[in-house]
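Enquirer: Structure file input.tsv, TSV, C-alpha atoms and all ligand atoms, is pasted below:
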```tsv
chain	number	residue	atom	x	y	z
A	1	MET	CA	-10.37	-11.97	-41.41
A	2	GLY	CA	-13.88	-10.55	-41.32
A	3	GLU	CA	-13.50	-9.30	-44.89
A	4	ARG	CA	-12.26	-12.70	-46.14
A	5	ARG	CA	-15.26	-14.37	-44.63
A	6	TYR	CA	-17.45	-11.80	-46.36
A	7	ASP	CA	-15.75	-12.56	-49.69
A	8	GLN	CA	-16.57	-16.22	-49.12
A	9	GLY	CA	-20.23	-15.31	-48.74
A	10	MET	CA	-20.30	-16.22	-45.07
A	11	ALA	CA	-20.67	-13.11	-43.00
A	12	ARG	CA	-21.92	-9.59	-42.71
A	13	PRO	CA	-19.43	-6.97	-43.88
A	14	ASP	CA	-17.15	-5.87	-41.06
A	15	ILE	CA	-17.64	-2.09	-40.94
A	16	ASP	CA	-16.27	0.04	-38.13
A	17	ILE	CA	-18.49	3.11	-37.61
A	18	GLY	CA	-16.45	4.29	-34.63
A	19	ALA	CA	-19.60	4.77	-32.57
A	20	ALA	CA	-19.89	1.43	-30.82
A	21	SER	CA	-21.10	1.71	-27.25
A	22	GLY	CA	-18.38	1.91	-24.61
A	23	GLU	CA	-17.67	3.92	-21.48
A	24	ARG	CA	-20.43	6.48	-20.95
A	25	LYS	CA	-19.85	9.83	-19.29
A	26	PRO	CA	-21.43	10.32	-15.87
A	27	VAL	CA	-24.98	11.60	-16.25
A	28	ALA	CA	-24.26	15.14	-15.00
A	29	ALA	CA	-21.45	15.55	-17.56
A	30	ARG	CA	-23.64	14.65	-20.53
A	31	THR	CA	-25.33	16.82	-23.12
A	32	THR	CA	-28.57	15.32	-24.38
A	33	LEU	CA	-30.08	16.41	-27.69
A	34	VAL	CA	-33.88	16.20	-27.66
A	35	THR	CA	-35.65	16.50	-31.00
A	36	GLY	CA	-39.25	17.64	-30.66
A	37	GLY	CA	-38.24	18.96	-27.25
A	38	ALA	CA	-40.54	21.97	-27.57
A	39	GLY	CA	-43.64	19.76	-27.76
A	40	PHE	CA	-45.77	17.93	-25.22
A	41	ILE	CA	-43.68	14.92	-24.22
A	42	GLY	CA	-40.55	16.92	-25.11
A	43	GLY	CA	-41.24	19.55	-22.44
A	44	HIS	CA	-41.69	16.99	-19.66
A	45	LEU	CA	-38.64	15.13	-20.90
A	46	VAL	CA	-36.46	18.25	-20.96
A	47	ARG	CA	-37.52	18.95	-17.35
A	48	ALA	CA	-36.70	15.38	-16.26
A	49	LEU	CA	-33.32	15.42	-18.05
A	50	LEU	CA	-32.36	18.77	-16.48
A	51	ASP	CA	-33.31	17.39	-13.07
A	52	THR	CA	-30.61	14.70	-13.46
A	53	GLY	CA	-27.96	17.43	-13.92
A	54	ARG	CA	-27.63	16.97	-17.69
A	55	ASN	CA	-27.19	19.77	-20.20
A	56	VAL	CA	-30.03	19.69	-22.70
A	57	VAL	CA	-30.23	20.99	-26.27
A	58	VAL	CA	-33.58	21.10	-28.08
A	59	LEU	CA	-34.05	20.72	-31.83
A	60	ASP	CA	-37.54	21.63	-33.01
A	61	VAL	CA	-39.27	23.43	-35.84
A	62	ARG	CA	-40.84	25.85	-33.33
A	63	GLY	CA	-40.24	27.40	-29.91
A	64	PHE	CA	-41.62	25.91	-26.69
A	65	ALA	CA	-45.39	25.45	-26.66
A	66	PRO	CA	-46.89	27.52	-23.77
A	67	GLU	CA	-47.53	24.41	-21.65
A	68	SER	CA	-44.05	23.04	-22.34
A	69	ARG	CA	-42.51	26.36	-21.35
A	70	PHE	CA	-44.51	26.17	-18.10
A	71	VAL	CA	-43.36	22.58	-17.44
A	72	VAL	CA	-39.69	23.37	-18.10
A	73	GLY	CA	-39.93	26.49	-15.93
A	74	ASP	CA	-37.24	29.20	-15.76
A	75	ASP	CA	-34.73	26.91	-17.48
A	76	ALA	CA	-36.72	27.36	-20.70
A	77	GLU	CA	-34.88	30.67	-21.11
A	78	SER	CA	-31.43	29.08	-20.96
A	79	VAL	CA	-31.87	25.72	-22.71
A	80	PRO	CA	-30.43	26.12	-26.22
A	81	LEU	CA	-33.29	25.69	-28.69
A	82	GLU	CA	-32.27	25.20	-32.30
A	83	ILE	CA	-35.11	25.94	-34.70
A	84	ALA	CA	-34.47	23.30	-37.33
A	85	SER	CA	-36.05	20.40	-39.14
A	86	ILE	CA	-34.72	16.89	-38.66
A	87	ALA	CA	-35.38	16.47	-42.39
A	88	ASP	CA	-32.50	18.87	-43.14
A	89	GLN	CA	-29.29	16.83	-42.99
A	90	ALA	CA	-26.94	19.83	-43.25
A	91	ARG	CA	-28.69	21.58	-40.38
A	92	VAL	CA	-28.69	18.44	-38.21
A	93	LEU	CA	-24.94	18.02	-38.80
A	94	ALA	CA	-24.32	21.68	-37.94
A	95	ILE	CA	-26.18	21.26	-34.64
A	96	PHE	CA	-24.08	18.22	-33.76
A	97	ARG	CA	-20.89	20.16	-34.62
A	98	VAL	CA	-21.87	23.07	-32.36
A	99	HIS	CA	-23.36	21.20	-29.37
A	100	ARG	CA	-21.50	17.83	-29.44
A	101	PRO	CA	-24.29	15.81	-27.78
A	102	ASP	CA	-23.42	12.63	-25.86
A	103	GLU	CA	-26.83	11.01	-26.42
A	104	VAL	CA	-29.96	11.71	-28.43
A	105	VAL	CA	-33.68	11.37	-27.71
A	106	HIS	CA	-35.74	11.58	-30.88
A	107	ALA	CA	-39.34	12.70	-30.31
A	108	GLY	CA	-39.66	15.27	-33.13
A	109	MET	CA	-41.94	14.33	-35.96
A	110	ILE	CA	-45.30	14.96	-37.60
A	111	LEU	CA	-48.21	13.27	-35.82
A	112	ASP	CA	-51.30	14.65	-37.57
A	113	PRO	CA	-52.78	11.69	-39.52
A	114	ALA	CA	-54.65	13.91	-42.00
A	115	TYR	CA	-51.53	15.97	-42.72
A	116	LEU	CA	-49.47	12.80	-43.20
A	117	ALA	CA	-52.03	11.26	-45.58
A	118	THR	CA	-52.21	14.39	-47.75
A	119	ASN	CA	-48.48	15.29	-47.61
A	120	ARG	CA	-46.93	11.89	-48.12
A	121	SER	CA	-43.52	13.00	-49.39
A	122	THR	CA	-43.12	15.22	-46.35
A	123	ALA	CA	-44.31	12.33	-44.18
A	124	PHE	CA	-41.44	10.15	-45.41
A	125	GLN	CA	-38.86	12.94	-45.45
A	126	VAL	CA	-39.56	13.94	-41.84
A	127	ASN	CA	-40.72	10.76	-40.10
A	128	VAL	CA	-38.37	8.31	-41.81
A	129	GLY	CA	-35.65	10.48	-43.38
A	130	GLY	CA	-35.35	12.49	-40.17
A	131	VAL	CA	-34.38	9.40	-38.20
A	132	LEU	CA	-31.76	8.48	-40.79
A	133	ASN	CA	-30.36	12.02	-40.75
A	134	LEU	CA	-29.99	11.83	-36.99
A	135	VAL	CA	-28.39	8.40	-37.05
A	136	GLU	CA	-25.89	9.46	-39.70
A	137	ALA	CA	-25.01	12.57	-37.67
A	138	MET	CA	-24.56	10.35	-34.59
A	139	ILE	CA	-22.23	8.05	-36.53
A	140	ALA	CA	-20.29	11.01	-37.96
A	141	PHE	CA	-19.78	12.50	-34.50
A	142	GLY	CA	-19.39	9.20	-32.59
A	143	VAL	CA	-22.50	9.61	-30.43
A	144	PRO	CA	-23.27	6.27	-28.82
A	145	ARG	CA	-26.98	6.02	-27.96
A	146	LEU	CA	-30.33	6.93	-29.49
A	147	ILE	CA	-33.75	6.66	-27.89
A	148	ASN	CA	-36.27	6.67	-30.71
A	149	PHE	CA	-39.93	7.51	-30.18
A	150	SER	CA	-42.17	5.11	-32.01
A	151	SER	CA	-45.77	4.34	-31.06
A	152	ILE	CA	-48.28	1.58	-30.41
A	153	GLY	CA	-49.62	2.84	-33.76
A	154	VAL	CA	-47.20	0.39	-35.44
A	155	LEU	CA	-49.49	-2.49	-34.39
A	156	PRO	CA	-51.98	-3.84	-36.94
A	157	ARG	CA	-54.45	-5.40	-34.49
A	158	VAL	CA	-54.23	-7.34	-31.27
A	159	LEU	CA	-53.16	-10.96	-31.75
A	160	TYR	CA	-52.46	-11.72	-28.09
A	161	GLN	CA	-52.30	-9.91	-24.77
A	162	PRO	CA	-50.39	-8.57	-23.04
A	163	ILE	CA	-48.77	-7.23	-26.21
A	164	ASP	CA	-45.00	-7.40	-25.91
A	165	GLY	CA	-42.02	-6.46	-28.07
A	166	ASN	CA	-42.37	-9.67	-30.09
A	167	HIS	CA	-45.93	-8.91	-31.23
A	168	PRO	CA	-46.04	-8.74	-35.08
A	169	ILE	CA	-46.38	-5.37	-36.76
A	170	LEU	CA	-46.94	-6.81	-40.27
A	171	LEU	CA	-49.56	-9.48	-40.98
A	172	SER	CA	-50.44	-11.19	-44.24
A	173	ASP	CA	-53.52	-8.97	-44.56
A	174	ALA	CA	-52.68	-5.82	-42.62
A	175	GLY	CA	-50.00	-3.33	-41.65
A	176	PRO	CA	-49.86	-0.69	-38.93
A	177	GLY	CA	-53.40	0.35	-37.99
A	178	THR	CA	-52.64	4.07	-37.97
A	179	ASP	CA	-51.79	4.36	-41.68
A	180	PHE	CA	-48.96	6.79	-42.52
A	181	TYR	CA	-48.28	7.58	-38.87
A	182	GLY	CA	-47.68	3.98	-37.79
A	183	SER	CA	-46.12	2.97	-41.10
A	184	THR	CA	-43.48	5.71	-41.00
A	185	LYS	CA	-42.78	4.79	-37.37
A	186	ALA	CA	-42.46	1.11	-38.35
A	187	ALA	CA	-40.14	2.00	-41.24
A	188	ALA	CA	-37.90	3.96	-38.86
A	189	GLU	CA	-37.91	1.06	-36.39
A	190	THR	CA	-36.84	-1.45	-39.02
A	191	MET	CA	-34.09	0.87	-40.34
A	192	LEU	CA	-32.69	1.17	-36.83
A	193	PHE	CA	-32.39	-2.60	-36.63
A	194	ALA	CA	-30.45	-2.50	-39.92
A	195	TYR	CA	-28.03	0.06	-38.43
A	196	ASN	CA	-27.70	-2.05	-35.32
A	197	GLN	CA	-27.30	-5.43	-36.97
A	198	ALA	CA	-24.97	-4.35	-39.80
A	199	LEU	CA	-23.05	-1.60	-38.02
A	200	GLY	CA	-23.42	-2.12	-34.27
A	201	PHE	CA	-25.27	1.20	-33.87
A	202	ASP	CA	-26.84	1.42	-30.41
A	203	PHE	CA	-30.50	2.39	-30.11
A	204	ARG	CA	-33.61	1.73	-28.09
A	205	THR	CA	-37.19	2.30	-29.26
A	206	ILE	CA	-40.04	3.37	-27.02
A	207	ARG	CA	-43.63	2.71	-28.09
A	208	PRO	CA	-45.78	4.91	-25.89
A	209	SER	CA	-49.53	4.51	-25.59
A	210	ALA	CA	-52.15	7.25	-25.10
A	211	VAL	CA	-49.94	9.71	-23.27
A	212	TYR	CA	-51.75	12.27	-21.10
A	213	GLY	CA	-50.76	15.21	-18.92
A	214	LEU	CA	-50.31	18.97	-19.24
A	215	GLY	CA	-49.76	20.00	-22.85
A	216	MET	CA	-51.13	16.77	-24.33
A	217	ASN	CA	-52.46	16.65	-27.87
A	218	GLN	CA	-55.98	15.85	-29.04
A	219	TYR	CA	-55.11	12.54	-30.75
A	220	VAL	CA	-55.51	10.74	-27.43
A	221	GLY	CA	-59.23	11.50	-27.49
A	222	PRO	CA	-61.63	13.41	-25.24
A	223	ILE	CA	-59.55	13.12	-22.05
A	224	LYS	CA	-57.85	16.46	-22.81
A	225	ALA	CA	-61.10	18.37	-23.24
A	226	MET	CA	-62.69	16.54	-20.30
A	227	VAL	CA	-59.93	17.71	-17.96
A	228	GLU	CA	-59.19	21.14	-19.39
A	229	ASN	CA	-62.78	22.29	-20.13
A	230	THR	CA	-63.85	21.12	-16.70
A	231	VAL	CA	-61.07	23.03	-14.92
A	232	ARG	CA	-62.05	26.15	-16.92
A	233	GLY	CA	-65.71	25.62	-15.90
A	234	GLU	CA	-66.80	24.75	-19.46
A	235	PRO	CA	-68.84	21.74	-20.65
A	236	ALA	CA	-67.23	18.75	-22.39
A	237	HIS	CA	-69.84	16.94	-24.50
A	238	PHE	CA	-69.09	14.20	-27.05
A	239	GLU	CA	-71.42	12.29	-29.31
A	240	PHE	CA	-69.18	9.21	-29.69
A	241	GLY	CA	-66.31	7.28	-28.17
A	242	GLY	CA	-67.35	6.26	-24.65
A	243	LYS	CA	-66.54	2.57	-25.25
A	244	HIS	CA	-63.04	3.30	-26.60
A	245	PRO	CA	-60.56	1.55	-24.26
A	246	ARG	CA	-56.96	2.80	-23.97
A	247	PRO	CA	-53.87	1.94	-21.96
A	248	TYR	CA	-53.39	5.54	-20.76
A	249	THR	CA	-49.88	6.53	-19.72
A	250	HIS	CA	-48.88	9.58	-17.72
A	251	VAL	CA	-46.31	11.76	-19.47
A	252	ARG	CA	-44.02	11.79	-16.42
A	253	ASP	CA	-43.82	8.00	-16.63
A	254	ILE	CA	-42.78	8.27	-20.27
A	255	ALA	CA	-40.03	10.73	-19.28
A	256	ALA	CA	-38.82	8.42	-16.50
A	257	LEU	CA	-38.81	5.44	-18.86
A	258	VAL	CA	-36.69	7.36	-21.38
A	259	LEU	CA	-34.18	8.18	-18.62
A	260	ALA	CA	-34.00	4.49	-17.73
A	261	MET	CA	-33.56	3.56	-21.40
A	262	LEU	CA	-30.69	6.02	-21.82
A	263	ASP	CA	-28.76	3.93	-19.32
A	264	ALA	CA	-30.10	0.54	-20.33
A	265	PRO	CA	-27.56	-2.28	-20.04
A	266	ASP	CA	-26.02	-3.15	-23.42
A	267	ASP	CA	-27.84	-6.48	-23.56
A	268	ALA	CA	-31.28	-5.01	-22.79
A	269	ASP	CA	-34.13	-5.34	-25.30
A	270	ARG	CA	-34.43	-2.80	-28.11
A	271	ILE	CA	-38.20	-2.20	-27.81
A	272	PHE	CA	-40.08	-1.04	-24.71
A	273	TYR	CA	-43.75	-0.13	-24.34
A	274	GLY	CA	-44.60	3.09	-22.54
A	275	SER	CA	-47.69	2.06	-20.62
A	276	ASN	CA	-48.96	1.92	-17.05
A	277	GLY	CA	-49.19	-1.88	-17.09
A	278	GLU	CA	-52.84	-1.84	-15.96
A	279	PRO	CA	-56.07	-3.00	-17.63
A	280	LEU	CA	-57.45	-0.65	-20.29
A	281	VAL	CA	-59.71	2.23	-19.28
A	282	THR	CA	-62.64	3.46	-21.40
A	283	THR	CA	-63.32	7.11	-22.19
A	284	THR	CA	-66.59	6.82	-20.24
A	285	GLU	CA	-64.55	5.77	-17.19
A	286	VAL	CA	-62.15	8.69	-17.73
A	287	GLY	CA	-65.17	11.03	-17.72
A	288	GLN	CA	-66.38	9.50	-14.45
A	289	ILE	CA	-62.96	9.98	-12.80
A	290	VAL	CA	-62.84	13.64	-13.89
A	291	ARG	CA	-66.39	14.16	-12.52
A	292	GLU	CA	-65.28	12.74	-9.17
A	293	LEU	CA	-62.11	14.85	-9.06
A	294	VAL	CA	-63.53	18.21	-10.16
A	295	SER	CA	-66.78	19.37	-8.63
A	296	GLY	CA	-69.34	20.79	-11.03
A	297	ALA	CA	-67.92	18.91	-14.04
A	298	ASP	CA	-70.33	18.90	-17.00
A	299	ILE	CA	-69.20	15.86	-19.01
A	300	GLU	CA	-71.31	13.81	-21.38
A	301	ILE	CA	-70.20	11.14	-23.84
A	302	GLY	CA	-72.13	8.74	-26.07
A	303	ALA	CA	-71.08	5.11	-25.73
A	304	GLU	CA	-70.79	4.16	-29.43
A	305	LEU	CA	-67.56	4.38	-31.40
A	306	SER	CA	-67.30	6.82	-34.30
A	307	GLU	CA	-66.43	5.24	-37.68
A	308	ALA	CA	-63.01	6.91	-37.57
A	309	GLU	CA	-61.94	5.34	-34.30
A	310	LYS	CA	-62.95	1.73	-35.09
A	311	PRO	CA	-59.63	0.73	-36.77
A	312	VAL	CA	-57.66	2.26	-33.91
A	313	VAL	CA	-59.72	0.39	-31.29
A	314	ALA	CA	-58.63	-2.86	-33.01
A	315	LEU	CA	-55.03	-2.25	-31.94
A	316	ARG	CA	-55.80	-1.34	-28.34
A	317	GLY	CA	-54.70	-4.09	-26.00
A	318	GLU	CA	-53.00	-4.58	-22.68
A	319	LEU	CA	-49.30	-3.84	-23.07
A	320	SER	CA	-46.49	-5.65	-21.33
A	321	ILE	CA	-44.02	-3.52	-19.38
A	322	GLU	CA	-42.27	-6.55	-17.92
A	323	ASN	CA	-39.00	-6.01	-19.82
A	324	ALA	CA	-38.79	-2.40	-18.57
A	325	ARG	CA	-39.37	-3.59	-15.02
A	326	ALA	CA	-36.92	-6.49	-15.18
A	327	GLN	CA	-34.16	-5.00	-17.36
A	328	LEU	CA	-34.33	-1.28	-16.52
A	329	GLY	CA	-35.76	-1.32	-12.99
A	330	TRP	CA	-38.50	1.09	-14.15
A	331	GLU	CA	-41.93	1.24	-12.52
A	332	PRO	CA	-44.72	3.59	-13.53
A	333	GLY	CA	-45.26	6.22	-10.85
A	334	TYR	CA	-48.85	6.74	-12.06
A	335	ALA	CA	-50.07	3.16	-12.42
A	336	SER	CA	-53.34	4.56	-11.05
A	337	ILE	CA	-55.03	6.66	-13.75
A	338	ARG	CA	-56.99	8.44	-11.00
A	339	GLU	CA	-53.73	9.73	-9.50
A	340	GLY	CA	-52.43	10.62	-12.93
A	341	ILE	CA	-55.55	12.61	-13.83
A	342	ALA	CA	-55.45	14.31	-10.42
A	343	GLN	CA	-51.89	15.47	-11.20
A	344	TYR	CA	-52.99	16.67	-14.66
A	345	VAL	CA	-55.92	18.62	-13.15
A	346	GLU	CA	-53.64	20.23	-10.58
A	347	GLN	CA	-50.92	21.17	-13.08
A	348	TYR	CA	-53.45	22.48	-15.62
A	349	ARG	CA	-54.99	24.67	-12.86
A	350	ALA	CA	-51.53	26.01	-12.04
A	351	PHE	CA	-50.83	26.64	-15.74
A	352	VAL	CA	-54.13	28.50	-16.24
A	353	GLY	CA	-53.48	30.49	-13.05
A	354	ALA	CA	-50.01	31.47	-14.22
A	355	THR	CA	-51.12	32.56	-17.68
A	356	LEU	CA	-54.13	34.69	-16.64
B	1	LIG	N1	-48.72	11.77	-27.27
B	1	LIG	C1	-48.90	10.45	-27.42
B	1	LIG	O1	-49.87	9.88	-26.92
B	1	LIG	C2	-47.88	9.63	-28.16
B	1	LIG	C3	-48.11	8.25	-28.26
B	1	LIG	C4	-47.18	7.48	-28.97
B	1	LIG	C5	-46.06	8.07	-29.51
B	1	LIG	N2	-45.87	9.42	-29.38
B	1	LIG	C6	-44.66	10.00	-29.99
B	1	LIG	O2	-44.02	10.86	-29.07
B	1	LIG	C7	-43.31	11.87	-29.77
B	1	LIG	C8	-43.67	13.22	-29.20
B	1	LIG	O3	-45.05	13.46	-29.42
B	1	LIG	P1	-45.92	14.51	-28.62
B	1	LIG	O4	-47.15	13.82	-28.18
B	1	LIG	O5	-45.07	15.22	-27.63
B	1	LIG	O6	-46.36	15.48	-29.81
B	1	LIG	P2	-45.97	17.00	-30.13
B	1	LIG	O7	-46.59	17.32	-31.44
B	1	LIG	O8	-46.33	17.86	-28.97
B	1	LIG	O9	-44.40	16.94	-30.27
B	1	LIG	C9	-43.75	16.69	-31.49
B	1	LIG	C10	-42.74	17.79	-31.70
B	1	LIG	O10	-42.03	17.53	-32.91
B	1	LIG	C11	-41.82	18.76	-33.55
B	1	LIG	N3	-41.56	18.56	-34.97
B	1	LIG	C12	-42.45	18.39	-35.98
B	1	LIG	N4	-41.81	18.30	-37.15
B	1	LIG	C13	-40.49	18.40	-36.89
B	1	LIG	C14	-39.32	18.41	-37.70
B	1	LIG	N5	-39.41	18.28	-39.03
B	1	LIG	N6	-38.12	18.58	-37.11
B	1	LIG	C15	-38.03	18.74	-35.76
B	1	LIG	N7	-39.10	18.73	-34.94
B	1	LIG	C16	-40.32	18.58	-35.50
B	1	LIG	C17	-43.10	19.54	-33.29
B	1	LIG	O11	-42.92	20.95	-33.47
B	1	LIG	C18	-43.39	19.18	-31.85
B	1	LIG	O12	-42.83	20.09	-30.94
B	1	LIG	C19	-43.69	11.72	-31.25
B	1	LIG	O13	-42.68	11.02	-31.91
B	1	LIG	C20	-44.96	10.89	-31.19
B	1	LIG	O14	-45.17	10.15	-32.35
B	1	LIG	C21	-46.76	10.23	-28.73
```
Take the structure from the file and write it as structure tokens.
Expert:
Amino acid sequence: MGERRYDQGMARPDIDIGAASGERKPVAARTTLVTGGAGFIGGHLVRALLDTGRNVVVLDVRGFAPESRFVVGDDAESVPLEIASIADQARVLAIFRVHRPDEVVHAGMILDPAYLATNRSTAFQVNVGGVLNLVEAMIAFGVPRLINFSSIGVLPRVLYQPIDGNHPILLSDAGPGTDFYGSTKAAAETMLFAYNQALGFDFRTIRPSAVYGLGMNQYVGPIKAMVENTVRGEPAHFEFGGKHPRPYTHVRDIAALVLAMLDAPDDADRIFYGSNGEPLVTTTEVGQIVRELVSGADIEIGAELSEAEKPVVALRGELSIENARAQLGWEPGYASIREGIAQYVEQYRAFVGATL
């Protein structure tokens, strides 16, 4: 019937991919594949997934970063870690054949904006092609649900606040404000809707904002150096960036949101922001919080924005987490950035102590 309607020009083709969502295994019986699991968010996510009783398999181009190994703890020795690129379809299929995951969290990709702008073919092969390779492997092996890491970097600029899942990512005069990073993320997001709409493939996308915590990367600005230099007793001085406002999000809240998204009801939204739901905080304010939390902190930052950060500031706005609250029952545990930074300080101290 479906096919006849299609022949009459009336409907989408009726294609059975055999991976429609249905009964899910109980959490403790599941194996979760985490791409990029050896990185910053990946490490915290692997820990959170293991704490639910799941088996976890990591796919990454490298072994655990030192901080991620610390966060995962002794289990880092026993979690299977497949050194592989998501851009390699044959390798991705082989990993599915061996480990038979029940769900997939996709956090593995290239973030470095300069690398992406100078290595554009690789940018597309990894950040867009990698998602397609994963999805095709999931269809081939009948794996029902993908959580895809996107970013607030898909936004062009703020049109209204709080920004929600319906905020445009393409305007008549602008695309994603973070160039090849946001554009490859946006391309992957739109392809996932094609898989969902045409084939019934089940996915959810998370768009995290300014994620901080042990193991964080430098793209979130001076907060990393402010915390880590200060704990090590070193100065943290910056010429620019004090006025830059961000919706900072603690990495443990991102991990908890991903867990909630893995069990989202079938009719839940497809896009969720990873944010703390609070007003934006400037880098100057972050510096002040670190000074108050760590005695003897030597932090200085000039108020003005550097040229490089101006386009990114244009897409910083308050983010709505209402759909995550209402549909997933998720609440950020670190709505207070002061508490989140205090946790980061404490865990970084423990990490430094353990690695001396
Ligand atoms: N940190 C943030 O503030 C933030 C904000 C928004 C979105 N995100 C997204 O979260 C995800 C995780 O980022 P992160 O902050 O943990 O960064 P990260 O660099 O620590 O983690 C990314 C991981 O992906 C791996 N990777 C790179 N190329 C790969 C490939 N070809 N195949 C498999 N793995 C590969 C890296 O080795 C690394 O371990 C990314 O998708 C990122 O875009 C992060």
Enquirer: Give me the residues within 9 Å of A:Val211 as a ChimeraX atom specification, counting only C-alpha atoms and dropping any in the same chain fewer than 4 places off.
Expert: /A:41,216-217,220,247-251,254,274-275
Enquirer: Show me the residues close to (-29.5, -4.1, -17.7) - anything with an atom within 6 Å, counting all atoms listed in the file - and format the list as a list in words.
Expert: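 Within the cut-off we find Ala264, Pro265, Ala268, Gln327 and Leu328 of chain A.
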Enquirer: In Å, how far is it from atom CA of A:Thr230 to atom CA of A:Glu285?
Expert: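 About the pair atom CA of A:Thr230 and atom CA of A:Glu285: they are 15.4 Å apart.
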Enquirer: Rounded to one decimal place, report the atom CA of A:His44-atom CA of A:Asp298 distance in Å.
Expert: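 Atom-to-atom, atom CA of A:His44 and atom CA of A:Asp298 are spaced 28.8 Å apart.
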Enquirer: Pick out the closest residue to ligand LIG 1 (chain B) from this set: A:Ile110, A:Val286, A:Ile321, A:Ala123. Count all atoms listed in the file.
Expert: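 Ranking A:Ile110, A:Val286, A:Ile321, A:Ala123 by distance to ligand LIG 1 (chain B), first place goes to A:Ile110.
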Enquirer: Please check which protein, DNA or RNA residues sit within 8 Å of ligand LIG 1 (chain B), counting all atoms listed in the file, and write them as an MDAnalysis selection string.
Expert: chainID A and resid 35:43 59:65 83:87 106:111 126:127 130 148:153 181 185 207:212 215:217 219:220 249
Enquirer: How about saving the chosen residues, C-alpha atoms kept, as a JSON list (two decimals), in the coordinates of the input?
Expert:
```
[["chain", "number", "residue", "atom", "x", "y", "z"],
["A", 35, "THR", "CA", -35.65, 16.50, -31.00],
["A", 36, "GLY", "CA", -39.25, 17.64, -30.66],
["A", 37, "GLY", "CA", -38.24, 18.96, -27.25],
["A", 38, "ALA", "CA", -40.54, 21.97, -27.57],
["A", 39, "GLY", "CA", -43.64, 19.76, -27.76],
["A", 40, "PHE", "CA", -45.77, 17.93, -25.22],
["A", 41, "ILE", "CA", -43.68, 14.92, -24.22],
["A", 42, "GLY", "CA", -40.55, 16.92, -25.11],
["A", 43, "GLY", "CA", -41.24, 19.55, -22.44],
["A", 59, "LEU", "CA", -34.05, 20.72, -31.83],
["A", 60, "ASP", "CA", -37.54, 21.63, -33.01],
["A", 61, "VAL", "CA", -39.27, 23.43, -35.84],
["A", 62, "ARG", "CA", -40.84, 25.85, -33.33],
["A", 63, "GLY", "CA", -40.24, 27.40, -29.91],
["A", 64, "PHE", "CA", -41.62, 25.91, -26.69],
["A", 65, "ALA", "CA", -45.39, 25.45, -26.66],
["A", 83, "ILE", "CA", -35.11, 25.94, -34.70],
["A", 84, "ALA", "CA", -34.47, 23.30, -37.33],
["A", 85, "SER", "CA", -36.05, 20.40, -39.14],
["A", 86, "ILE", "CA", -34.72, 16.89, -38.66],
["A", 87, "ALA", "CA", -35.38, 16.47, -42.39],
["A", 106, "HIS", "CA", -35.74, 11.58, -30.88],
["A", 107, "ALA", "CA", -39.34, 12.70, -30.31],
["A", 108, "GLY", "CA", -39.66, 15.27, -33.13],
["A", 109, "MET", "CA", -41.94, 14.33, -35.96],
["A", 110, "ILE", "CA", -45.30, 14.96, -37.60],
["A", 111, "LEU", "CA", -48.21, 13.27, -35.82],
["A", 126, "VAL", "CA", -39.56, 13.94, -41.84],
["A", 127, "ASN", "CA", -40.72, 10.76, -40.10],
["A", 130, "GLY", "CA", -35.35, 12.49, -40.17],
["A", 148, "ASN", "CA", -36.27, 6.67, -30.71],
["A", 149, "PHE", "CA", -39.93, 7.51, -30.18],
["A", 150, "SER", "CA", -42.17, 5.11, -32.01],
["A", 151, "SER", "CA", -45.77, 4.34, -31.06],
["A", 152, "ILE", "CA", -48.28, 1.58, -30.41],
["A", 153, "GLY", "CA", -49.62, 2.84, -33.76],
["A", 181, "TYR", "CA", -48.28, 7.58, -38.87],
["A", 185, "LYS", "CA", -42.78, 4.79, -37.37],
["A", 207, "ARG", "CA", -43.63, 2.71, -28.09],
["A", 208, "PRO", "CA", -45.78, 4.91, -25.89],
["A", 209, "SER", "CA", -49.53, 4.51, -25.59],
["A", 210, "ALA", "CA", -52.15, 7.25, -25.10],
["A", 211, "VAL", "CA", -49.94, 9.71, -23.27],
["A", 212, "TYR", "CA", -51.75, 12.27, -21.10],
["A", 215, "GLY", "CA", -49.76, 20.00, -22.85],
["A", 216, "MET", "CA", -51.13, 16.77, -24.33],
["A", 217, "ASN", "CA", -52.46, 16.65, -27.87],
["A", 219, "TYR", "CA", -55.11, 12.54, -30.75],
["A", 220, "VAL", "CA", -55.51, 10.74, -27.43],
["A", 249, "THR", "CA", -49.88, 6.53, -19.72]]
```
Enquirer: Rounded to one decimal place, report the atom CA of A:Met138-atom CA of A:Ala186 distance in Å.
Expert: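 Calculated distance between atom CA of A:Met138 and atom CA of A:Ala186 is 20.5 Å.
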Enquirer: With only C-alpha atoms as the basis for distance, which of A:Gly200, A:Pro144, A:Gly165, A:Gly177 is at the shortest distance from A:Pro113?
Expert: A:Gly177
Enquirer: Could you tell me which of A:Gly296, A:Leu262, A:Pro235, A:Asp173 comes closest to A:Ile206 if we count only C-alpha atoms?
Expert: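 Closest to A:Ile206 of all the choices is A:Leu262.
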Enquirer: Calculated over all atoms listed in the file, which of the candidates A:Pro66, A:Ala194, A:Val227, A:Ala256 has the smallest distance to A:Arg12?
Expert: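 Among the listed residues, the smallest separation from A:Arg12 belongs to A:Ala194.
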Enquirer: Closest to A:Glu339 among A:Thr282, A:Gly213, A:His237, A:Asp267, using only C-alpha atoms?
Expert: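 Of the candidates, the smallest distance to A:Glu339 is held by A:Gly213.
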Enquirer: Let me make sure I understand: among A:Gly277, A:Asp263, A:Tyr6, A:Arg157, which one has the smallest atom-to-atom distance to A:Lys25 if we use only C-alpha atoms?
Expert: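 With only C-alpha atoms as the atom set, the closest residue is A:Asp263.
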